[in-house]
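The structure appears right after this line, and notes come after that.
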Amino acid sequence: MVILHADADAFFASVEQRDNPALRGRPMVVAHEVVACPSYEARALGIHAGMPLRQVQRRWPQVLVTGYRSGAYEEASARLFEVFRRFTPLVEPGSVEEAFLDVTGRDRGDPRGMAAALRAAARAEVGIPVSVGVGRTKLMAKLASRRAKPDGLVVVDAELEARVRPRLRLDELWGVGPTTYEKLHAAGLFVVADLHGLDEDDLKRLVTTAMARRLVSIASGTDDATIRLPGPRRSVSASRSLPATRTRSKVVAVLDGCVDRAVSRVIALDGPPRLPRRLEVLVRYDDGTQVLERGPLDAPTVDPAALRTAAGHLLERTAYEWDGRGVTMVGVTLPLPTP
């Protein structure tokens, strides 16, 4: 198997730097009250996603700021995936700017050359840098793309994998979150080599059955290399972070913007129109707690005004204004009927 993991670098910021030459090579952020994406020049200063914009501007007044342009990012994502699918039809999206590609048999025995050609095509046709990792499994390809950033290429061949895999830290493994790692750490398990000799039943005493099965496969080198082609979208979502607040006008404005972005994404879907019949609103507080409210629509629709009104009613049901905690993220989801 030959798997590529292609991941655009600082995607939102790269699109802005592509479209505005004055931003290139300079520290800049895509932000609206909260940083959505810093450029690599800004990351070098210590700026990261989720940082309040006021804090950034106070500490680093030289940093340039642009607003969030959803249309530009969606257009760039569509063009990027057109490039991916030209190299292979076996493309599994991970997000709007990254994907796994199965190029087995298409690489003509030169995976590095194919990955370099993909990077060159993305740069020439989309105008943004893409880092690519090459491996025998998804895990190895994704770890390789992480090492390749920014704007690089890393190949993990069989010889390198044999050296690297046993030394991989468990908290570096894709899908192993802090809670799972704490349990593994408490059991004296720190790297993949520590898993050798343990079977699925041993690990199920510590983690879920699915995670136990995955860890055993990672230790044995038989982890996932299957590309799963996306089916029809089951839902469309949009969300945005903001500095902790309970101010009604700010929260409602953010929610309305999320509704408008979600509607534009539904309209852009291929095939006959699929009108949502339900709506979900998510609120996250400054302690990390999330509240989800769901409700039916009066009629299936993608009318922005009707959906903003319905979303506002669900937002009221969260009682965020009287909760006492600050709202740090608002999101909306439109479940879609099966075509």
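Lettering and numbering for the structure tokens are positional, with chains as A, B, ... in the shown order, residues counted from 1 in each chain, and ligands counted from 1 in the shown order.
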Practice problem: Please identify all polymer residues within 10 Å of stretch 133-141 of chain A, counting only C-alpha atoms, omitting same-chain residues fewer than 5 positions from it, and present them as number ranges by chain. | Solution: A: 1-7, 100-104, 111-112, 114-115, 146-149, 152-158, 160-161, 164-165, 173-175, 218, 221-227
Quiz item: Near stretch 57-72 of chain A, within 6 Å and counting only C-alpha atoms, which residues show up once chain neighbours fewer than 6 positions away are dropped, as a VMD selection string?
Solution: chain A and resid 27 to 32
Quiz item: Between A:Glu41, A:Asp194, A:Pro232, A:Val259, which one has atoms that come closest to A:Leu336, using only C-alpha atoms?
Solution: A:Pro232
Quiz prompt | Which residue of A:Arg277, A:Arg26, A:Arg265, A:Arg325 approaches A:Gln290 most closely, using only C-alpha atoms | solution =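 The closest residue to A:Gln290 is A:Arg325.
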